[in-house]
Amino acid sequence: MLIGIPKEIMAKENRVAALPETIGKFKGLGFDVLVETKAGMGAFAHDDTYQQAGAEIVADAAEVFARADIILKVKEPLFNETFNRHEIDMLRENQILITFLHPAAPSNHGDVKKLQARGVTAFTMDGIPRISRAQRMDPLTSMSAITGYKAIIIAAANFPKFIPMIGTSIGMIKPANILVIGTGVVGLQAIATGKRLGGVVKAVDIRPDARQEAESLGIKAVGFDVPPELAIGQGGYAKALPQEWLEKERTQLAPLVAESDIIILSALVPGEVAQHIITREMVESMKPGSVIVDVSIDQGGNCAATVPGKESYHNGVYICGIKNIPGSLPVHSSWLYANNLYYFVENLFKGVGSEFDMTDEIVKGALVTHKGKLFHRGTLKAMGLA
C-alpha cells in the first residue's frame, strides 16, 4: 500500500504528518511513501532527508491524492486554491484519510457528509480512546501539552499589562489574575506556564480528582459539587453536563470570570461538541483589555463569543479562537504527531494489508466514515442521529 503526505494548506499550519524518521518506520512495515515537495519545510525537514529515508518526493498535492491509498494529514481537508478544488473532492472512493477531523463539531458536519457520500474511509485522530494501549497513538494528549503552554504565551502577547508583580519607582504593579477552566493536560500545562510567568492562577474543574491534580501544582482549584455520574465519564474524563447543571456551573463561574484578566478555556469532552461555559454576558463583565484563549474551538468552543479560527474582540476583551495552536511550535508538535500517526497505522493494519479490524476499540473510536456509512458516535449524537 502507498501512503501519501501532502503539504498542509491551513493558514500558519507548519506541522507535517510524517517526518523522515517515521518514513523509515513505515518502510520497515512494508509501506511505500509519497511526500509532496516542501511538505516538511515548516518543521525544518527537507526533501533530501525524506528521500534518504526512502520516500518519493512528488511535485504537488494532486499527485499525492491521485496515487496514494492512504492520506495522512494534520488538519481537516480544506479548499486547495492552487487546484481550485476542495481536498475532499481530491479523494476517491475507498481511499483512506487519517487526520484531525473533529467530526462532532457542527461546523464540520458538511465535510463529514461529503466524505460519507464519496465513500472515503476516514479516521479522526481526536477519536482515539483514552486507554493505556492507545497512549502512544493519542495526539490529543501530545498536542495538549503544546497547546497549554502556547495558550499562555498567546495570552501574554495580547495582554496590555504585565503578568507578574513588578516593583517600580512609582509603585507596585499587581500580578494578573489567570483563570484556567478545565484541568486536563492542556489546563495543567497552562497552569504551570502561567505560574512561571508570575500570574496568580486559579483553576476550575467539575471533577474532584482533576482539581487535586491542579492543586498539586501549588494553585487554588475551585469547583462545585456535581454528581459523579454526571461529571465523570469513561477513563475519568469529563462528561457534557445536562443543561440544568450547565446553568449552575455558569452561575458559579460568573464572579470568577468577572475578576479574571486572562482566561484559558480547555473544558472538553472527548469526541463531542464542547459546551459554551462562558456566555457573552459573562465576557461583557470582564475588564476591557482582558484576554480569553479558547483552545477548545476545534470542537465548538467554550465561549459563546469566540469566532472559530479567528482573533476577535468583544466589548474590549480579546478572544483567541485560532484552530492550530500546536502548529506554531512545528518542530516538537510534528515529531509527536508523526509518531502518533505511525503507531496508529501500525495498529490499524497489524502489518501491511487492505483490511483493518473493525472490532478493535481504537479503530472503532477513530472511525468516522466507511463504505458510505457514518460510524463516529459523537458525530451521530451531535447530528441527532443517535
# chains A, B, ... in the order shown; residues from 1 in each chain; ligands from 1
$ select_by_dssp --residues "stretch 169-378 of chain A" --states "strand (DSSP E)" --output "short mmCIF file (atom, residue, chain, number, x, y, z; two decimals) with N, CA and C atoms, in the first residue's frame"
data_model
loop_
_atom_site.label_atom_id
_atom_site.label_comp_id
_atom_site.auth_asym_id
_atom_site.auth_seq_id
_atom_site.Cartn_x
_atom_site.Cartn_y
_atom_site.Cartn_z
N MET A 172 3.97 49.57 43.17
CA MET A 172 3.92 48.16 42.84
C MET A 172 2.80 47.88 41.83
N ILE A 173 3.12 47.12 40.78
CA ILE A 173 2.12 46.68 39.81
C ILE A 173 1.65 45.28 40.21
N ASN A 177 -4.53 38.16 37.17
CA ASN A 177 -5.34 37.02 37.61
C ASN A 177 -5.62 36.12 36.42
N ILE A 178 -5.16 34.88 36.49
CA ILE A 178 -5.33 33.91 35.40
C ILE A 178 -6.29 32.82 35.86
N LEU A 179 -7.30 32.56 35.05
CA LEU A 179 -8.28 31.51 35.35
C LEU A 179 -8.18 30.43 34.27
N VAL A 180 -7.96 29.20 34.68
CA VAL A 180 -7.88 28.07 33.75
C VAL A 180 -9.11 27.20 33.99
N ILE A 181 -9.93 27.03 32.96
CA ILE A 181 -11.14 26.22 33.08
C ILE A 181 -10.93 24.92 32.32
N VAL A 200 -1.21 35.11 39.10
CA VAL A 200 -1.96 34.48 40.18
C VAL A 200 -2.98 33.56 39.52
N VAL A 201 -2.77 32.27 39.64
CA VAL A 201 -3.53 31.31 38.85
C VAL A 201 -4.58 30.60 39.71
N LYS A 202 -5.80 30.54 39.17
CA LYS A 202 -6.86 29.71 39.74
C LYS A 202 -7.33 28.76 38.64
N ALA A 203 -7.90 27.64 39.06
CA ALA A 203 -8.38 26.66 38.09
C ALA A 203 -9.75 26.15 38.49
N VAL A 204 -10.52 25.74 37.49
CA VAL A 204 -11.87 25.22 37.71
C VAL A 204 -12.01 23.89 36.98
N LYS A 220 -4.76 27.43 43.54
CA LYS A 220 -6.08 27.19 44.10
C LYS A 220 -7.02 26.68 43.01
N ALA A 221 -7.61 25.53 43.24
CA ALA A 221 -8.57 24.96 42.29
C ALA A 221 -9.94 24.98 42.92
N VAL A 222 -10.92 25.43 42.16
CA VAL A 222 -12.28 25.55 42.68
C VAL A 222 -13.23 24.76 41.79
N ILE A 262 -7.01 37.06 32.51
CA ILE A 262 -6.74 36.09 31.45
C ILE A 262 -7.51 34.81 31.74
N ILE A 263 -8.21 34.28 30.74
CA ILE A 263 -8.92 33.01 30.90
C ILE A 263 -8.46 32.06 29.80
N ILE A 264 -8.10 30.84 30.22
CA ILE A 264 -7.77 29.77 29.27
C ILE A 264 -8.90 28.75 29.35
N LEU A 265 -9.56 28.50 28.21
CA LEU A 265 -10.71 27.61 28.16
C LEU A 265 -10.32 26.28 27.51
N VAL A 291 -8.20 39.02 28.36
CA VAL A 291 -7.90 38.07 27.29
C VAL A 291 -8.56 36.73 27.57
N ILE A 292 -9.16 36.15 26.52
CA ILE A 292 -9.67 34.77 26.57
C ILE A 292 -9.00 34.00 25.44
N VAL A 293 -8.41 32.85 25.77
CA VAL A 293 -7.87 31.95 24.75
C VAL A 293 -8.71 30.67 24.81
N ASP A 294 -9.52 30.46 23.78
CA ASP A 294 -10.47 29.35 23.74
C ASP A 294 -9.87 28.21 22.92
N GLU A 311 -9.12 35.68 15.54
CA GLU A 311 -8.89 36.51 16.72
C GLU A 311 -9.88 37.66 16.63
N SER A 312 -10.56 37.96 17.72
CA SER A 312 -11.60 38.99 17.69
C SER A 312 -11.67 39.71 19.03
N TYR A 313 -12.48 40.76 19.06
CA TYR A 313 -12.72 41.49 20.29
C TYR A 313 -14.22 41.53 20.55
N HIS A 314 -14.58 41.36 21.81
CA HIS A 314 -15.98 41.52 22.22
C HIS A 314 -16.00 42.40 23.45
N VAL A 317 -12.69 42.88 25.07
CA VAL A 317 -11.98 41.67 25.51
C VAL A 317 -11.44 40.95 24.27
N TYR A 318 -10.14 40.69 24.24
CA TYR A 318 -9.53 39.94 23.15
C TYR A 318 -9.87 38.47 23.31
N ILE A 319 -10.39 37.85 22.24
CA ILE A 319 -10.77 36.43 22.27
C ILE A 319 -10.03 35.72 21.14
N CYS A 320 -9.21 34.76 21.50
CA CYS A 320 -8.45 33.98 20.53
C CYS A 320 -9.17 32.68 20.24
N LEU A 367 -12.90 5.71 13.83
CA LEU A 367 -13.55 5.59 12.52
C LEU A 367 -14.73 6.57 12.41
N VAL A 368 -14.74 7.34 11.32
CA VAL A 368 -15.81 8.31 11.09
C VAL A 368 -16.72 7.82 9.96
N THR A 369 -16.15 7.58 8.79
CA THR A 369 -16.95 7.09 7.65
C THR A 369 -16.26 5.89 7.02
N HIS A 370 -17.09 4.97 6.49
CA HIS A 370 -16.54 3.77 5.84
C HIS A 370 -17.63 3.17 4.96
N LYS A 373 -21.08 4.78 5.10
CA LYS A 373 -21.80 4.82 6.37
C LYS A 373 -21.06 5.71 7.37
N LEU A 374 -21.82 6.30 8.29
CA LEU A 374 -21.27 7.14 9.35
C LEU A 374 -21.20 6.32 10.63
#
$ select_by_dssp --residues "stretch 4-81 of chain A" --states "alpha helix (DSSP H)" --output "PyMOL selection string"
chain A and resi 20-29+47-52+61-67
$ residues_around --residues "stretch 84-89 of chain A" --least-positions-apart "5" --cutoff "10 Å" --atoms "only C-alpha atoms" --output "PDB file with all heavy atoms, in the first residue's frame"
ATOM      1  N   ILE A   9      -2.301  22.964   4.155  1.00  0.00           N
ATOM      2  CA  ILE A   9      -2.645  24.232   3.497  1.00  0.00           C
ATOM      3  C   ILE A   9      -3.389  25.203   4.416  1.00  0.00           C
ATOM      4  O   ILE A   9      -3.697  26.315   4.012  1.00  0.00           O
ATOM      5  CB  ILE A   9      -3.468  23.991   2.214  1.00  0.00           C
ATOM      6  CG1 ILE A   9      -4.743  23.194   2.515  1.00  0.00           C
ATOM      7  CG2 ILE A   9      -2.625  23.289   1.171  1.00  0.00           C
ATOM      8  CD1 ILE A   9      -5.658  23.029   1.302  1.00  0.00           C
ATOM      9  N   ALA A  61       0.282  18.307  -4.517  1.00  0.00           N
ATOM     10  CA  ALA A  61      -0.710  17.555  -3.752  1.00  0.00           C
ATOM     11  C   ALA A  61      -1.592  16.705  -4.654  1.00  0.00           C
ATOM     12  O   ALA A  61      -2.043  15.625  -4.252  1.00  0.00           O
ATOM     13  CB  ALA A  61      -1.574  18.515  -2.934  1.00  0.00           C
ATOM     14  N   ALA A  62      -1.851  17.182  -5.864  1.00  0.00           N
ATOM     15  CA  ALA A  62      -2.728  16.431  -6.769  1.00  0.00           C
ATOM     16  C   ALA A  62      -2.178  15.036  -7.019  1.00  0.00           C
ATOM     17  O   ALA A  62      -2.927  14.049  -7.045  1.00  0.00           O
ATOM     18  CB  ALA A  62      -2.897  17.187  -8.081  1.00  0.00           C
ATOM     19  N   PHE A  65      -2.684  12.845  -3.802  1.00  0.00           N
ATOM     20  CA  PHE A  65      -4.060  12.377  -3.649  1.00  0.00           C
ATOM     21  C   PHE A  65      -4.425  11.349  -4.723  1.00  0.00           C
ATOM     22  O   PHE A  65      -5.174  10.406  -4.461  1.00  0.00           O
ATOM     23  CB  PHE A  65      -5.031  13.561  -3.699  1.00  0.00           C
ATOM     24  CG  PHE A  65      -5.155  14.314  -2.409  1.00  0.00           C
ATOM     25  CD1 PHE A  65      -4.282  15.353  -2.104  1.00  0.00           C
ATOM     26  CD2 PHE A  65      -6.136  13.991  -1.483  1.00  0.00           C
ATOM     27  CE1 PHE A  65      -4.383  16.054  -0.912  1.00  0.00           C
ATOM     28  CE2 PHE A  65      -6.252  14.681  -0.284  1.00  0.00           C
ATOM     29  CZ  PHE A  65      -5.372  15.710   0.013  1.00  0.00           C
ATOM     30  N   GLU A  76      -8.018  19.044   9.136  1.00  0.00           N
ATOM     31  CA  GLU A  76      -9.133  18.622   8.304  1.00  0.00           C
ATOM     32  C   GLU A  76      -8.963  19.100   6.859  1.00  0.00           C
ATOM     33  O   GLU A  76      -8.267  20.091   6.598  1.00  0.00           O
ATOM     34  CB  GLU A  76     -10.459  19.157   8.866  1.00  0.00           C
ATOM     35  CG  GLU A  76     -10.621  20.663   8.842  1.00  0.00           C
ATOM     36  CD  GLU A  76     -10.153  21.338  10.105  1.00  0.00           C
ATOM     37  OE1 GLU A  76      -9.323  20.753  10.848  1.00  0.00           O
ATOM     38  OE2 GLU A  76     -10.585  22.489  10.361  1.00  0.00           O
ATOM     39  N   PRO A  77      -9.571  18.414   5.884  1.00  0.00           N
ATOM     40  CA  PRO A  77      -9.466  18.834   4.487  1.00  0.00           C
ATOM     41  C   PRO A  77     -10.013  20.251   4.290  1.00  0.00           C
ATOM     42  O   PRO A  77     -11.022  20.628   4.892  1.00  0.00           O
ATOM     43  CB  PRO A  77     -10.328  17.804   3.746  1.00  0.00           C
ATOM     44  CG  PRO A  77     -10.381  16.618   4.645  1.00  0.00           C
ATOM     45  CD  PRO A  77     -10.350  17.175   6.041  1.00  0.00           C
ATOM     46  N   LEU A  78      -9.325  21.001   3.437  1.00  0.00           N
ATOM     47  CA  LEU A  78      -9.704  22.382   3.157  1.00  0.00           C
ATOM     48  C   LEU A  78      -9.719  22.611   1.642  1.00  0.00           C
ATOM     49  O   LEU A  78      -9.314  21.741   0.864  1.00  0.00           O
ATOM     50  CB  LEU A  78      -8.708  23.343   3.811  1.00  0.00           C
ATOM     51  CG  LEU A  78      -8.612  23.308   5.327  1.00  0.00           C
ATOM     52  CD1 LEU A  78      -7.433  24.151   5.790  1.00  0.00           C
ATOM     53  CD2 LEU A  78      -9.900  23.797   5.970  1.00  0.00           C
ATOM     54  N   PHE A  79     -10.172  23.790   1.244  1.00  0.00           N
ATOM     55  CA  PHE A  79     -10.169  24.149  -0.177  1.00  0.00           C
ATOM     56  C   PHE A  79      -8.753  24.475  -0.612  1.00  0.00           C
ATOM     57  O   PHE A  79      -8.095  25.332  -0.020  1.00  0.00           O
ATOM     58  CB  PHE A  79     -11.088  25.339  -0.429  1.00  0.00           C
ATOM     59  CG  PHE A  79     -11.272  25.660  -1.889  1.00  0.00           C
ATOM     60  CD1 PHE A  79     -12.180  24.945  -2.662  1.00  0.00           C
ATOM     61  CD2 PHE A  79     -10.518  26.655  -2.498  1.00  0.00           C
ATOM     62  CE1 PHE A  79     -12.338  25.219  -4.010  1.00  0.00           C
ATOM     63  CE2 PHE A  79     -10.670  26.945  -3.838  1.00  0.00           C
ATOM     64  CZ  PHE A  79     -11.589  26.219  -4.599  1.00  0.00           C
ATOM     65  N   LEU A  97      -8.359   8.208   4.676  1.00  0.00           N
ATOM     66  CA  LEU A  97      -7.891   9.502   5.180  1.00  0.00           C
ATOM     67  C   LEU A  97      -7.749   9.405   6.690  1.00  0.00           C
ATOM     68  O   LEU A  97      -8.687   9.000   7.386  1.00  0.00           O
ATOM     69  CB  LEU A  97      -8.890  10.603   4.830  1.00  0.00           C
ATOM     70  CG  LEU A  97      -8.640  11.977   5.466  1.00  0.00           C
ATOM     71  CD1 LEU A  97      -7.367  12.616   4.916  1.00  0.00           C
ATOM     72  CD2 LEU A  97      -9.842  12.903   5.249  1.00  0.00           C
ATOM     73  N   ASP A 111     -18.567  18.560   5.873  1.00  0.00           N
ATOM     74  CA  ASP A 111     -17.433  17.796   5.353  1.00  0.00           C
ATOM     75  C   ASP A 111     -17.593  16.307   5.654  1.00  0.00           C
ATOM     76  O   ASP A 111     -17.242  15.461   4.827  1.00  0.00           O
ATOM     77  CB  ASP A 111     -16.128  18.318   5.958  1.00  0.00           C
ATOM     78  CG  ASP A 111     -15.694  19.645   5.354  1.00  0.00           C
ATOM     79  OD1 ASP A 111     -16.280  20.059   4.336  1.00  0.00           O
ATOM     80  OD2 ASP A 111     -14.775  20.274   5.913  1.00  0.00           O
ATOM     81  N   VAL A 112     -18.100  15.990   6.831  1.00  0.00           N
ATOM     82  CA  VAL A 112     -18.322  14.579   7.176  1.00  0.00           C
ATOM     83  C   VAL A 112     -19.300  13.942   6.192  1.00  0.00           C
ATOM     84  O   VAL A 112     -19.085  12.822   5.703  1.00  0.00           O
ATOM     85  CB  VAL A 112     -18.838  14.449   8.628  1.00  0.00           C
ATOM     86  CG1 VAL A 112     -19.295  13.017   8.918  1.00  0.00           C
ATOM     87  CG2 VAL A 112     -17.759  14.855   9.616  1.00  0.00           C
ATOM     88  N   LYS A 114     -19.854  14.854   3.143  1.00  0.00           N
ATOM     89  CA  LYS A 114     -19.193  14.732   1.834  1.00  0.00           C
ATOM     90  C   LYS A 114     -18.263  13.515   1.812  1.00  0.00           C
ATOM     91  O   LYS A 114     -18.198  12.786   0.820  1.00  0.00           O
ATOM     92  CB  LYS A 114     -18.406  15.998   1.511  1.00  0.00           C
ATOM     93  CG  LYS A 114     -19.259  17.183   1.101  1.00  0.00           C
ATOM     94  CD  LYS A 114     -18.418  18.409   0.803  1.00  0.00           C
ATOM     95  CE  LYS A 114     -17.547  18.224  -0.437  1.00  0.00           C
ATOM     96  NZ  LYS A 114     -16.797  19.467  -0.763  1.00  0.00           N
ATOM     97  N   LEU A 115     -17.545  13.291   2.901  1.00  0.00           N
ATOM     98  CA  LEU A 115     -16.677  12.115   2.991  1.00  0.00           C
ATOM     99  C   LEU A 115     -17.506  10.835   2.906  1.00  0.00           C
ATOM    100  O   LEU A 115     -17.125   9.872   2.231  1.00  0.00           O
ATOM    101  CB  LEU A 115     -15.882  12.148   4.299  1.00  0.00           C
ATOM    102  CG  LEU A 115     -14.774  13.199   4.395  1.00  0.00           C
ATOM    103  CD1 LEU A 115     -14.311  13.353   5.836  1.00  0.00           C
ATOM    104  CD2 LEU A 115     -13.595  12.845   3.494  1.00  0.00           C
ATOM    105  N   ARG A 118     -18.764  10.304  -0.690  1.00  0.00           N
ATOM    106  CA  ARG A 118     -17.716   9.899  -1.633  1.00  0.00           C
ATOM    107  C   ARG A 118     -17.188   8.498  -1.354  1.00  0.00           C
ATOM    108  O   ARG A 118     -16.359   7.978  -2.111  1.00  0.00           O
ATOM    109  CB  ARG A 118     -16.553  10.906  -1.607  1.00  0.00           C
ATOM    110  CG  ARG A 118     -16.930  12.268  -2.183  1.00  0.00           C
ATOM    111  CD  ARG A 118     -15.722  13.180  -2.288  1.00  0.00           C
ATOM    112  NE  ARG A 118     -14.805  12.748  -3.346  1.00  0.00           N
ATOM    113  CZ  ARG A 118     -14.944  13.040  -4.633  1.00  0.00           C
ATOM    114  NH1 ARG A 118     -15.992  13.750  -5.040  1.00  0.00           N
ATOM    115  NH2 ARG A 118     -14.068  12.630  -5.511  1.00  0.00           N
ATOM    116  N   VAL A 120     -15.331   7.573   1.176  1.00  0.00           N
ATOM    117  CA  VAL A 120     -13.992   7.628   1.760  1.00  0.00           C
ATOM    118  C   VAL A 120     -14.014   6.958   3.130  1.00  0.00           C
ATOM    119  O   VAL A 120     -14.966   7.122   3.898  1.00  0.00           O
ATOM    120  CB  VAL A 120     -13.514   9.084   1.882  1.00  0.00           C
ATOM    121  CG1 VAL A 120     -12.185   9.167   2.626  1.00  0.00           C
ATOM    122  CG2 VAL A 120     -13.411   9.728   0.501  1.00  0.00           C
TER     123      VAL A 120
END
$ atom_distance --atom1 "atom CA of A:Tyr342" --atom2 "atom CA of A:Ala18"
8.1 Å
$ atom_distance --atom1 "atom CA of A:Thr99" --atom2 "atom CA of A:Gly372"
18.3 Å
$ residues_around --residues "A:Ser328" --least-positions-apart "3" --cutoff "10 Å" --atoms "only C-alpha atoms" --output "PyMOL selection string"
chain A and resi 12-15+42-43+146-147+150+324-325+331-333
$ closest_residue --among "A:Ser334, A:Lys25, A:Val273, A:Asn347" --to "A:Ala105" --atoms "only C-alpha atoms"
A:Val273
$ residues_around --residues "A:Gly4" --least-positions-apart "6" --cutoff "10 Å" --atoms "only C-alpha atoms" --output "PDB file with N, CA, C and O atoms, in the first residue's frame"
ATOM      1  N   ALA A  17       2.632  15.612   8.663  1.00  0.00           N
ATOM      2  CA  ALA A  17       2.094  14.365   9.198  1.00  0.00           C
ATOM      3  C   ALA A  17       3.122  13.241   9.287  1.00  0.00           C
ATOM      4  O   ALA A  17       2.847  12.215   9.922  1.00  0.00           O
ATOM      5  N   ALA A  18       4.265  13.388   8.668  1.00  0.00           N
ATOM      6  CA  ALA A  18       5.320  12.375   8.769  1.00  0.00           C
ATOM      7  C   ALA A  18       6.674  13.067   8.669  1.00  0.00           C
ATOM      8  O   ALA A  18       6.834  14.034   7.922  1.00  0.00           O
ATOM      9  N   ASP A  32       5.131   1.906   1.010  1.00  0.00           N
ATOM     10  CA  ASP A  32       5.852   2.916   0.251  1.00  0.00           C
ATOM     11  C   ASP A  32       5.233   4.273   0.574  1.00  0.00           C
ATOM     12  O   ASP A  32       4.046   4.355   0.945  1.00  0.00           O
ATOM     13  N   VAL A  33       6.013   5.337   0.448  1.00  0.00           N
ATOM     14  CA  VAL A  33       5.560   6.654   0.894  1.00  0.00           C
ATOM     15  C   VAL A  33       5.841   7.722  -0.163  1.00  0.00           C
ATOM     16  O   VAL A  33       6.957   7.828  -0.675  1.00  0.00           O
ATOM     17  N   LEU A  34       4.806   8.514  -0.474  1.00  0.00           N
ATOM     18  CA  LEU A  34       4.929   9.701  -1.311  1.00  0.00           C
ATOM     19  C   LEU A  34       4.878  10.936  -0.413  1.00  0.00           C
ATOM     20  O   LEU A  34       4.028  11.018   0.474  1.00  0.00           O
ATOM     21  N   VAL A  35       5.739  11.899  -0.656  1.00  0.00           N
ATOM     22  CA  VAL A  35       5.728  13.147   0.114  1.00  0.00           C
ATOM     23  C   VAL A  35       5.710  14.311  -0.865  1.00  0.00           C
ATOM     24  O   VAL A  35       6.563  14.382  -1.771  1.00  0.00           O
ATOM     25  N   GLU A  36       4.752  15.201  -0.710  1.00  0.00           N
ATOM     26  CA  GLU A  36       4.725  16.398  -1.545  1.00  0.00           C
ATOM     27  C   GLU A  36       5.951  17.249  -1.259  1.00  0.00           C
ATOM     28  O   GLU A  36       6.353  17.423  -0.098  1.00  0.00           O
ATOM     29  N   ALA A  55      11.501   7.878   0.988  1.00  0.00           N
ATOM     30  CA  ALA A  55      10.272   8.433   0.411  1.00  0.00           C
ATOM     31  C   ALA A  55      10.506   8.896  -1.025  1.00  0.00           C
ATOM     32  O   ALA A  55      11.629   9.250  -1.403  1.00  0.00           O
ATOM     33  N   GLU A  56       9.417   8.911  -1.792  1.00  0.00           N
ATOM     34  CA  GLU A  56       9.441   9.502  -3.130  1.00  0.00           C
ATOM     35  C   GLU A  56       8.874  10.914  -3.037  1.00  0.00           C
ATOM     36  O   GLU A  56       7.770  11.111  -2.520  1.00  0.00           O
ATOM     37  N   VAL A  58       7.165  14.095  -4.653  1.00  0.00           N
ATOM     38  CA  VAL A  58       6.359  14.400  -5.830  1.00  0.00           C
ATOM     39  C   VAL A  58       6.071  15.895  -5.883  1.00  0.00           C
ATOM     40  O   VAL A  58       6.170  16.601  -4.876  1.00  0.00           O
ATOM     41  N   ALA A  61       0.282  18.307  -4.517  1.00  0.00           N
ATOM     42  CA  ALA A  61      -0.710  17.555  -3.752  1.00  0.00           C
ATOM     43  C   ALA A  61      -1.592  16.705  -4.654  1.00  0.00           C
ATOM     44  O   ALA A  61      -2.043  15.625  -4.252  1.00  0.00           O
ATOM     45  N   GLU A  63      -0.872  14.925  -7.194  1.00  0.00           N
ATOM     46  CA  GLU A  63      -0.269  13.613  -7.422  1.00  0.00           C
ATOM     47  C   GLU A  63      -0.337  12.748  -6.172  1.00  0.00           C
ATOM     48  O   GLU A  63      -0.570  11.537  -6.254  1.00  0.00           O
ATOM     49  N   VAL A  64      -0.153  13.365  -5.008  1.00  0.00           N
ATOM     50  CA  VAL A  64      -0.259  12.616  -3.752  1.00  0.00           C
ATOM     51  C   VAL A  64      -1.657  12.018  -3.609  1.00  0.00           C
ATOM     52  O   VAL A  64      -1.821  10.817  -3.353  1.00  0.00           O
ATOM     53  N   PHE A  65      -2.684  12.845  -3.802  1.00  0.00           N
ATOM     54  CA  PHE A  65      -4.060  12.377  -3.649  1.00  0.00           C
ATOM     55  C   PHE A  65      -4.425  11.349  -4.723  1.00  0.00           C
ATOM     56  O   PHE A  65      -5.174  10.406  -4.461  1.00  0.00           O
ATOM     57  N   ALA A  66      -3.905  11.528  -5.931  1.00  0.00           N
ATOM     58  CA  ALA A  66      -4.262  10.639  -7.032  1.00  0.00           C
ATOM     59  C   ALA A  66      -3.652   9.253  -6.874  1.00  0.00           C
ATOM     60  O   ALA A  66      -4.262   8.246  -7.240  1.00  0.00           O
ATOM     61  N   ARG A  67      -2.452   9.170  -6.309  1.00  0.00           N
ATOM     62  CA  ARG A  67      -1.738   7.889  -6.285  1.00  0.00           C
ATOM     63  C   ARG A  67      -1.840   7.135  -4.970  1.00  0.00           C
ATOM     64  O   ARG A  67      -1.803   5.908  -4.945  1.00  0.00           O
ATOM     65  N   ALA A  68      -1.949   7.843  -3.856  1.00  0.00           N
ATOM     66  CA  ALA A  68      -1.847   7.185  -2.539  1.00  0.00           C
ATOM     67  C   ALA A  68      -3.101   6.394  -2.186  1.00  0.00           C
ATOM     68  O   ALA A  68      -4.216   6.771  -2.546  1.00  0.00           O
ATOM     69  N   ASP A  69      -2.905   5.299  -1.473  1.00  0.00           N
ATOM     70  CA  ASP A  69      -4.021   4.532  -0.906  1.00  0.00           C
ATOM     71  C   ASP A  69      -4.458   5.114   0.431  1.00  0.00           C
ATOM     72  O   ASP A  69      -5.629   5.050   0.802  1.00  0.00           O
ATOM     73  N   ILE A  70      -3.495   5.664   1.166  1.00  0.00           N
ATOM     74  CA  ILE A  70      -3.740   6.236   2.499  1.00  0.00           C
ATOM     75  C   ILE A  70      -3.187   7.658   2.501  1.00  0.00           C
ATOM     76  O   ILE A  70      -2.019   7.877   2.156  1.00  0.00           O
ATOM     77  N   ILE A  71      -4.003   8.618   2.887  1.00  0.00           N
ATOM     78  CA  ILE A  71      -3.569  10.008   3.029  1.00  0.00           C
ATOM     79  C   ILE A  71      -3.426  10.313   4.518  1.00  0.00           C
ATOM     80  O   ILE A  71      -4.384  10.159   5.290  1.00  0.00           O
ATOM     81  N   LEU A  72      -2.250  10.743   4.919  1.00  0.00           N
ATOM     82  CA  LEU A  72      -2.013  11.168   6.299  1.00  0.00           C
ATOM     83  C   LEU A  72      -1.894  12.685   6.320  1.00  0.00           C
ATOM     84  O   LEU A  72      -1.078  13.263   5.597  1.00  0.00           O
ATOM     85  N   LYS A  73      -2.723  13.323   7.142  1.00  0.00           N
ATOM     86  CA  LYS A  73      -2.720  14.778   7.271  1.00  0.00           C
ATOM     87  C   LYS A  73      -2.721  15.172   8.741  1.00  0.00           C
ATOM     88  O   LYS A  73      -2.927  14.341   9.618  1.00  0.00           O
ATOM     89  N   LEU A  97      -8.359   8.208   4.676  1.00  0.00           N
ATOM     90  CA  LEU A  97      -7.891   9.502   5.180  1.00  0.00           C
ATOM     91  C   LEU A  97      -7.749   9.405   6.690  1.00  0.00           C
ATOM     92  O   LEU A  97      -8.687   9.000   7.386  1.00  0.00           O
TER      93      LEU A  97
END
$ closest_residue --among "A:Gly289, A:Gly301, A:Gly384, A:Pro103" --to "A:Pro160" --atoms "only C-alpha atoms"
A:Gly289
$ residues_around --residues "A:Ala267" --least-positions-apart "3" --cutoff "9 Å" --atoms "only C-alpha atoms" --output "list in words"
Ile181, Gly182, Thr183, Gly184, Gly187, Asp205, Ala238, Ala274, Gln275, Ile277, Val295, Ser296, Gly301 and Asn302 of chain A
$ decode --residues "stretch 243-250 of chain A" --atoms "N, CA, C and O atoms" --output "PDB file, in the first residue's frame"
ATOM      1  N   GLN A 243     -28.265  20.465  30.684  1.00  0.00           N
ATOM      2  CA  GLN A 243     -28.468  21.911  30.635  1.00  0.00           C
ATOM      3  C   GLN A 243     -28.664  22.522  32.015  1.00  0.00           C
ATOM      4  O   GLN A 243     -28.116  23.591  32.315  1.00  0.00           O
ATOM      5  N   GLU A 244     -29.412  21.859  32.860  1.00  0.00           N
ATOM      6  CA  GLU A 244     -29.667  22.381  34.209  1.00  0.00           C
ATOM      7  C   GLU A 244     -28.365  22.571  34.979  1.00  0.00           C
ATOM      8  O   GLU A 244     -28.154  23.599  35.639  1.00  0.00           O
ATOM      9  N   TRP A 245     -27.470  21.588  34.895  1.00  0.00           N
ATOM     10  CA  TRP A 245     -26.207  21.668  35.623  1.00  0.00           C
ATOM     11  C   TRP A 245     -25.231  22.621  34.923  1.00  0.00           C
ATOM     12  O   TRP A 245     -24.395  23.259  35.594  1.00  0.00           O
ATOM     13  N   LEU A 246     -25.325  22.754  33.630  1.00  0.00           N
ATOM     14  CA  LEU A 246     -24.501  23.726  32.919  1.00  0.00           C
ATOM     15  C   LEU A 246     -24.833  25.143  33.366  1.00  0.00           C
ATOM     16  O   LEU A 246     -23.942  25.977  33.570  1.00  0.00           O
ATOM     17  N   GLU A 247     -26.116  25.418  33.569  1.00  0.00           N
ATOM     18  CA  GLU A 247     -26.535  26.737  34.069  1.00  0.00           C
ATOM     19  C   GLU A 247     -25.996  26.983  35.471  1.00  0.00           C
ATOM     20  O   GLU A 247     -25.567  28.097  35.806  1.00  0.00           O
ATOM     21  N   LYS A 248     -25.987  25.945  36.293  1.00  0.00           N
ATOM     22  CA  LYS A 248     -25.438  26.079  37.649  1.00  0.00           C
ATOM     23  C   LYS A 248     -23.942  26.376  37.587  1.00  0.00           C
ATOM     24  O   LYS A 248     -23.420  27.200  38.361  1.00  0.00           O
ATOM     25  N   GLU A 249     -23.252  25.706  36.674  1.00  0.00           N
ATOM     26  CA  GLU A 249     -21.825  25.950  36.537  1.00  0.00           C
ATOM     27  C   GLU A 249     -21.564  27.397  36.105  1.00  0.00           C
ATOM     28  O   GLU A 249     -20.658  28.060  36.634  1.00  0.00           O
ATOM     29  N   ARG A 250     -22.346  27.893  35.154  1.00  0.00           N
ATOM     30  CA  ARG A 250     -22.177  29.283  34.715  1.00  0.00           C
ATOM     31  C   ARG A 250     -22.392  30.256  35.864  1.00  0.00           C
ATOM     32  O   ARG A 250     -21.656  31.247  36.005  1.00  0.00           O
TER      33      ARG A 250
END
